[in-house]
Amino acid sequence: MTEEPEDAVAPEVAPVRPGQELDWDRIRDYLSPRLDTDGAMEVLQFPNGSANLTYLIRFGERRFVLRRPPFGVIAPGAHDMRREHRVLSRLWRAYDRAPRAFLFCDDPGVAGSDFLVSEYRPGIVVWGAIPDELGGRAAARELGFATVDALADLHAVDPAACELDRLGRPEGFLERQLSGWRDRWGRVAPWAQPAHDAAMVAAADLLARRLPVSQPASLVHNDFKVNNCQFVAGHPERVSSVFDWDMATLADPLVDLGTLLNYWPDPADTADDHAIHDPGMETMGLPTRAEAVERYASRGGLDLAAIAWYEAFASWRVAVICQQLYARFARGESTDERMASQGERVDMLSRRALRILRTG
C-alpha cells in the first residue's frame, strides 16, 4: 500500500514516514462508499510539511488528499480539520486556487482524529529551488509576484459569495490572536531555554502595547507562504493552488501579508536576523520584501503604515509554532527527527520580532 505510483514527482510524495502510519484498512472501508470508489487503496505521504499529516490516497486512477492533525497534545484551536473542510468545501466556488474538499470525519475510530479528504491537484511546490520545468532561477521574480497576487486575490473575495461570511469574528481579532498565541507559548515554555522565554515574553508585551487599528476584514489564510502555493509547469506567472487552510478565518488581511513577509528572504537579511524559509530560497532571486509590499499595495487600498507590526507578530508567532513542534518531540509524541532542532529557532525569531518592533 505504500508503493510509489509511476507518475509521482519526488520529493513531493514518498513512502509513509515510519511512525506516521494510520489504520489504512479501516480508512479504506470508510472512504470507499463515501467517495464511490472500490478496489485496492495505495497510500503515499507528502513529506515536506512539519505539522499536519498529509497523505496521497489513490484508488486506481482516482487520487485524493487526506489530512489529519499531528499525533500528540494539540493546542486548543490548532490543526482544525473541521474548519479546513468548511473553507475548502465552499471557497473553490469563488477562488479557483482552493482545492475542493469532499468529506470530513470526526470519528476518531477511523484515523485516530478528525480528518478531511479533498481533491488532489498535480503541480509543483517550490521548496528552495525553482525547478527547470517552472523556469528555474530566471522565473523567480515572476513567481514571487504571482505569490503576492494570489494573496491579494484571496483578500478580494467576497466571503458571502461562498457562504463564508460567518467564518470568524473580525472584531477584536488581533487582540484575541495575541492572547491566544501567548497562551500557547505558556503551554510549551517549560521546554524552552530561560533566555528564549524572556525574549518571547518581552516581544509579546511590546506587541500588545503597539497593537494597530485593524484593516477592513477579509478572508485570511493565516499561514500564507511560497511553499503553501502550487504552480503548473511552464507557468510561474500564476499560482494554481493554495494549501493548508486549517487556520483560515475572517480577519485583518495584513496578518497574511505579515506572515508572507516573515517567510520571505531578502538581501538585507543576515545569518543572525532573517526570515524563516526553506534552505536555498535566499538565492532564488525573489523580489525584495519591499517590492512584495509594493506589489500588494498596488492591488488594493489598504493602509500599510503599520506593516512592521504584522511582520513582527508573524515572527513571534512562528517562534511559538517552532517551540510547539519541539515540545511535541521532547515529550515523545513525534518521531520526526526534524523536530529536534525546531526549538533552536526561537532565539533568532524572538529577537527578530523585538528588532522589527523597535526599528519599524
# chains A, B, ... in the order shown; residues from 1 in each chain; ligands from 1
$ select_by_dssp --residues "stretch 11-249 of chain A" --states "alpha helix (DSSP H)" --output "number ranges by chain"
A: 24-35, 81-88, 108-111, 140-155, 173-188, 194-209
$ closest_atom_pairs --of "stretch 78-103 of chain A" --to "stretch 225-229 of chain A" --cutoff "12 Å" --atoms "only C-alpha atoms" --output "CSV"
residue,atom,partner,partner_atom,distance
A:Arg97,CA,A:Cys229,CA,8.9
A:Ala98,CA,A:Cys229,CA,10.1
A:Pro99,CA,A:Cys229,CA,11.4
$ write_last_selection --atoms "C-alpha atoms" --output "CSV table (one decimal), in the first residue's frame"
chain,number,residue,atom,x,y,z
A,97,ARG,CA,-6.9,28.2,-6.3
A,98,ALA,CA,-8.6,26.5,-3.4
A,99,PRO,CA,-8.8,22.7,-3.8
$ residues_around --residues "A:Glu12" --least-positions-apart "6" --cutoff "12 Å" --atoms "only C-alpha atoms" --output "PDB file with C-alpha atoms, in the first residue's frame"
ATOM      1  CA  GLU A   4       5.101   4.984  -5.305  1.00  0.00           C
ATOM      2  CA  LEU A  44       1.893   7.875  -0.052  1.00  0.00           C
ATOM      3  CA  GLN A  45       2.806  10.828   2.117  1.00  0.00           C
ATOM      4  CA  PHE A  46       3.531  14.463   1.308  1.00  0.00           C
ATOM      5  CA  PRO A  47       6.681  14.548   3.478  1.00  0.00           C
ATOM      6  CA  ASN A  48       7.769  18.180   3.383  1.00  0.00           C
ATOM      7  CA  GLY A  49       5.307  19.710   5.839  1.00  0.00           C
ATOM      8  CA  THR A  54      -0.952  14.810   4.707  1.00  0.00           C
ATOM      9  CA  TYR A  55      -1.311  11.706   2.552  1.00  0.00           C
ATOM     10  CA  LEU A  56      -1.963  10.942  -1.107  1.00  0.00           C
ATOM     11  CA  ARG A 121      -4.083  18.606  -7.815  1.00  0.00           C
ATOM     12  CA  PRO A 122      -0.864  17.775  -9.645  1.00  0.00           C
ATOM     13  CA  GLY A 123       1.691  20.542  -9.887  1.00  0.00           C
ATOM     14  CA  ILE A 124       4.900  21.975  -8.487  1.00  0.00           C
ATOM     15  CA  VAL A 125       5.566  23.283  -4.979  1.00  0.00           C
ATOM     16  CA  VAL A 126       8.774  25.291  -4.619  1.00  0.00           C
ATOM     17  CA  TRP A 127      10.762  24.331  -1.526  1.00  0.00           C
ATOM     18  CA  ASN A 227       5.634  26.600  -0.131  1.00  0.00           C
ATOM     19  CA  GLN A 230       1.476  25.304  -6.167  1.00  0.00           C
TER      20      GLN A 230
END
$ residues_around --residues "A:Asp183" --least-positions-apart "4" --cutoff "12 Å" --atoms "only C-alpha atoms" --output "list in words"
Ala75, Pro76, Gly77, Arg176, Gln177, Leu178, Ser179, Arg187, Val188, Ala189, Met200, Val201, Ala204, Arg317, Val320 and Gln324 of chain A
$ residues_around --residues "A:Asp256" --least-positions-apart "4" --cutoff "12 Å" --atoms "only C-alpha atoms" --output "MDAnalysis selection string"
chainID A and resid 147:148 150:152 154:155 215 217:225 247:252 260:263 293 296 307 310:311 313:314
$ closest_residue --among "A:Tyr30, A:Phe59, A:Trp316, A:Phe115" --to "A:Ala203" --atoms "only C-alpha atoms"
A:Trp316
$ closest_residue --among "A:Ala129, A:Ala202, A:Val255, A:Ile74" --to "A:Pro279" --atoms "only C-alpha atoms"
A:Ala129
$ select_by_dssp --residues "stretch 76-171 of chain A" --states "strand (DSSP E or B)" --output "list of chain:residue names"
A:Ala101, A:Phe102, A:Leu103, A:Phe104, A:Cys105, A:Phe115, A:Leu116, A:Val117, A:Ser118, A:Glu119, A:Ile124
$ write_last_selection --atoms "C-alpha atoms" --output "mmCIF file, in the first residue's frame"
data_model
loop_
_atom_site.group_PDB
_atom_site.id
_atom_site.type_symbol
_atom_site.label_atom_id
_atom_site.label_comp_id
_atom_site.auth_asym_id
_atom_site.auth_seq_id
_atom_site.Cartn_x
_atom_site.Cartn_y
_atom_site.Cartn_z
ATOM 1 C CA ALA A 101 -12.946 19.315 -0.002
ATOM 2 C CA PHE A 102 -15.229 16.285 -0.331
ATOM 3 C CA LEU A 103 -15.734 14.951 3.164
ATOM 4 C CA PHE A 104 -14.964 15.445 6.851
ATOM 5 C CA CYS A 105 -14.821 12.735 9.507
ATOM 6 C CA PHE A 115 -9.633 14.288 9.167
ATOM 7 C CA LEU A 116 -10.726 15.621 5.808
ATOM 8 C CA VAL A 117 -10.434 14.445 2.225
ATOM 9 C CA SER A 118 -10.016 16.883 -0.647
ATOM 10 C CA GLU A 119 -9.210 16.790 -4.343
ATOM 11 C CA ILE A 124 4.900 21.975 -8.487
#
$ atom_distance --atom1 "atom CA of A:Arg358" --atom2 "atom CA of A:Gly180"
22.9 Å
$ closest_residue --among "A:Val239, A:Val232, A:Ala268, A:Ala312" --to "A:Leu254" --atoms "only C-alpha atoms"
A:Ala312
$ residues_around --residues "A:Ala78" --least-positions-apart "5" --cutoff "10 Å" --atoms "only C-alpha atoms" --output "list in words"
Asn52, Pro69, Arg184, Asp246 and Met247 of chain A
$ residues_around --residues "A:Asp273" --least-positions-apart "3" --cutoff "12 Å" --atoms "only C-alpha atoms" --output "PDB file with N, CA and C atoms, in the first residue's frame"
ATOM      1  N   ASN A 262       7.403  37.345   6.707  1.00  0.00           N
ATOM      2  CA  ASN A 262       8.239  36.627   7.661  1.00  0.00           C
ATOM      3  C   ASN A 262       8.842  35.363   7.060  1.00  0.00           C
ATOM      4  N   PRO A 265      12.716  35.661   2.085  1.00  0.00           N
ATOM      5  CA  PRO A 265      14.112  36.094   2.239  1.00  0.00           C
ATOM      6  C   PRO A 265      14.361  37.427   1.550  1.00  0.00           C
ATOM      7  N   ASP A 266      15.384  38.137   2.014  1.00  0.00           N
ATOM      8  CA  ASP A 266      15.704  39.465   1.486  1.00  0.00           C
ATOM      9  C   ASP A 266      17.221  39.636   1.526  1.00  0.00           C
ATOM     10  N   PRO A 267      17.788  40.360   0.567  1.00  0.00           N
ATOM     11  CA  PRO A 267      19.249  40.571   0.585  1.00  0.00           C
ATOM     12  C   PRO A 267      19.755  41.249   1.849  1.00  0.00           C
ATOM     13  N   ALA A 268      18.876  41.976   2.549  1.00  0.00           N
ATOM     14  CA  ALA A 268      19.300  42.650   3.778  1.00  0.00           C
ATOM     15  C   ALA A 268      19.401  41.705   4.974  1.00  0.00           C
ATOM     16  N   ASP A 269      18.906  40.496   4.844  1.00  0.00           N
ATOM     17  CA  ASP A 269      18.947  39.541   5.955  1.00  0.00           C
ATOM     18  C   ASP A 269      20.382  39.148   6.290  1.00  0.00           C
ATOM     19  N   THR A 270      20.589  38.804   7.545  1.00  0.00           N
ATOM     20  CA  THR A 270      21.879  38.292   7.997  1.00  0.00           C
ATOM     21  C   THR A 270      21.689  36.894   8.574  1.00  0.00           C
ATOM     22  N   ILE A 276      12.244  33.281   8.098  1.00  0.00           N
ATOM     23  CA  ILE A 276      12.334  31.834   8.253  1.00  0.00           C
ATOM     24  C   ILE A 276      11.867  31.192   6.949  1.00  0.00           C
ATOM     25  N   SER A 315       6.748  36.829  13.044  1.00  0.00           N
ATOM     26  CA  SER A 315       8.000  36.238  13.514  1.00  0.00           C
ATOM     27  C   SER A 315       7.813  35.624  14.900  1.00  0.00           C
ATOM     28  N   ARG A 345      15.252  27.662  16.801  1.00  0.00           N
ATOM     29  CA  ARG A 345      14.838  28.816  16.011  1.00  0.00           C
ATOM     30  C   ARG A 345      14.216  29.923  16.860  1.00  0.00           C
ATOM     31  N   VAL A 346      13.773  29.576  18.057  1.00  0.00           N
ATOM     32  CA  VAL A 346      13.056  30.542  18.889  1.00  0.00           C
ATOM     33  C   VAL A 346      13.931  31.739  19.229  1.00  0.00           C
ATOM     34  N   ASP A 347      15.202  31.510  19.475  1.00  0.00           N
ATOM     35  CA  ASP A 347      16.118  32.588  19.858  1.00  0.00           C
ATOM     36  C   ASP A 347      16.141  33.687  18.797  1.00  0.00           C
ATOM     37  N   MET A 348      16.454  33.317  17.558  1.00  0.00           N
ATOM     38  CA  MET A 348      16.557  34.310  16.491  1.00  0.00           C
ATOM     39  C   MET A 348      15.212  34.958  16.195  1.00  0.00           C
ATOM     40  N   LEU A 349      14.148  34.163  16.135  1.00  0.00           N
ATOM     41  CA  LEU A 349      12.840  34.696  15.770  1.00  0.00           C
ATOM     42  C   LEU A 349      12.314  35.685  16.808  1.00  0.00           C
ATOM     43  N   SER A 350      12.528  35.401  18.073  1.00  0.00           N
ATOM     44  CA  SER A 350      12.057  36.320  19.115  1.00  0.00           C
ATOM     45  C   SER A 350      12.862  37.617  19.090  1.00  0.00           C
ATOM     46  N   ARG A 351      14.179  37.501  18.888  1.00  0.00           N
ATOM     47  CA  ARG A 351      14.990  38.722  18.791  1.00  0.00           C
ATOM     48  C   ARG A 351      14.654  39.511  17.534  1.00  0.00           C
ATOM     49  N   ARG A 352      14.334  38.815  16.453  1.00  0.00           N
ATOM     50  CA  ARG A 352      13.942  39.489  15.217  1.00  0.00           C
ATOM     51  C   ARG A 352      12.647  40.272  15.423  1.00  0.00           C
ATOM     52  N   ALA A 353      11.688  39.668  16.102  1.00  0.00           N
ATOM     53  CA  ALA A 353      10.426  40.371  16.385  1.00  0.00           C
ATOM     54  C   ALA A 353      10.677  41.637  17.183  1.00  0.00           C
ATOM     55  N   LEU A 354      11.528  41.555  18.191  1.00  0.00           N
ATOM     56  CA  LEU A 354      11.855  42.729  19.001  1.00  0.00           C
ATOM     57  C   LEU A 354      12.552  43.801  18.164  1.00  0.00           C
ATOM     58  N   ARG A 355      13.471  43.394  17.302  1.00  0.00           N
ATOM     59  CA  ARG A 355      14.187  44.358  16.460  1.00  0.00           C
ATOM     60  C   ARG A 355      13.244  45.076  15.522  1.00  0.00           C
ATOM     61  N   ILE A 356      12.328  44.335  14.885  1.00  0.00           N
ATOM     62  CA  ILE A 356      11.376  44.958  13.962  1.00  0.00           C
ATOM     63  C   ILE A 356      10.471  45.952  14.690  1.00  0.00           C
TER      64      ILE A 356
END
$ closest_residue --among "A:Val87, A:Ala305, A:Ala111, A:Leu286" --to "A:Ala139" --atoms "only C-alpha atoms"
A:Leu286
$ atom_distance --atom1 "atom CA of A:Gly186" --atom2 "atom CA of A:Phe173"
19.8 Å
$ atom_distance --atom1 "atom CA of A:Val110" --atom2 "atom CA of A:Asp29"
9.2 Å
$ closest_residue --among "A:Leu91, A:Ala14, A:Val318, A:Ala233" --to "A:Gly136" --atoms "only C-alpha atoms"
A:Ala233
$ closest_residue --among "A:Ser298, A:Asp244, A:Ala198, A:Leu304" --to "A:Leu257" --atoms "only C-alpha atoms"
A:Leu304
$ decode --residues "stretch 191-219 of chain A" --atoms "C-alpha atoms" --output "mmCIF file, in the first residue's frame"
data_model
loop_
_atom_site.group_PDB
_atom_site.id
_atom_site.type_symbol
_atom_site.label_atom_id
_atom_site.label_comp_id
_atom_site.auth_asym_id
_atom_site.auth_seq_id
_atom_site.Cartn_x
_atom_site.Cartn_y
_atom_site.Cartn_z
ATOM 1 C CA TRP A 191 10.634 23.116 27.268
ATOM 2 C CA ALA A 192 12.294 26.432 26.292
ATOM 3 C CA GLN A 193 15.561 27.939 27.476
ATOM 4 C CA PRO A 194 15.024 30.715 30.074
ATOM 5 C CA ALA A 195 16.591 33.382 27.828
ATOM 6 C CA HIS A 196 14.275 32.416 24.971
ATOM 7 C CA ASP A 197 11.277 32.585 27.287
ATOM 8 C CA ALA A 198 12.281 36.069 28.447
ATOM 9 C CA ALA A 199 12.632 37.331 24.867
ATOM 10 C CA MET A 200 9.272 35.866 23.867
ATOM 11 C CA VAL A 201 7.537 37.499 26.817
ATOM 12 C CA ALA A 202 9.214 40.851 26.083
ATOM 13 C CA ALA A 203 8.121 40.676 22.439
ATOM 14 C CA ALA A 204 4.557 39.834 23.429
ATOM 15 C CA ASP A 205 4.453 42.812 25.795
ATOM 16 C CA LEU A 206 5.664 45.155 23.053
ATOM 17 C CA LEU A 207 3.221 43.726 20.513
ATOM 18 C CA ALA A 208 0.385 44.405 22.957
ATOM 19 C CA ARG A 209 1.494 47.995 23.575
ATOM 20 C CA ARG A 210 1.746 48.743 19.841
ATOM 21 C CA LEU A 211 -1.383 46.965 18.636
ATOM 22 C CA PRO A 212 -2.532 48.675 15.402
ATOM 23 C CA VAL A 213 -6.040 49.591 14.302
ATOM 24 C CA SER A 214 -7.318 46.680 12.204
ATOM 25 C CA GLN A 215 -7.918 46.963 8.473
ATOM 26 C CA PRO A 216 -11.325 46.061 6.952
ATOM 27 C CA ALA A 217 -11.834 42.320 7.315
ATOM 28 C CA SER A 218 -11.408 39.799 4.518
ATOM 29 C CA LEU A 219 -10.865 36.080 4.181
#
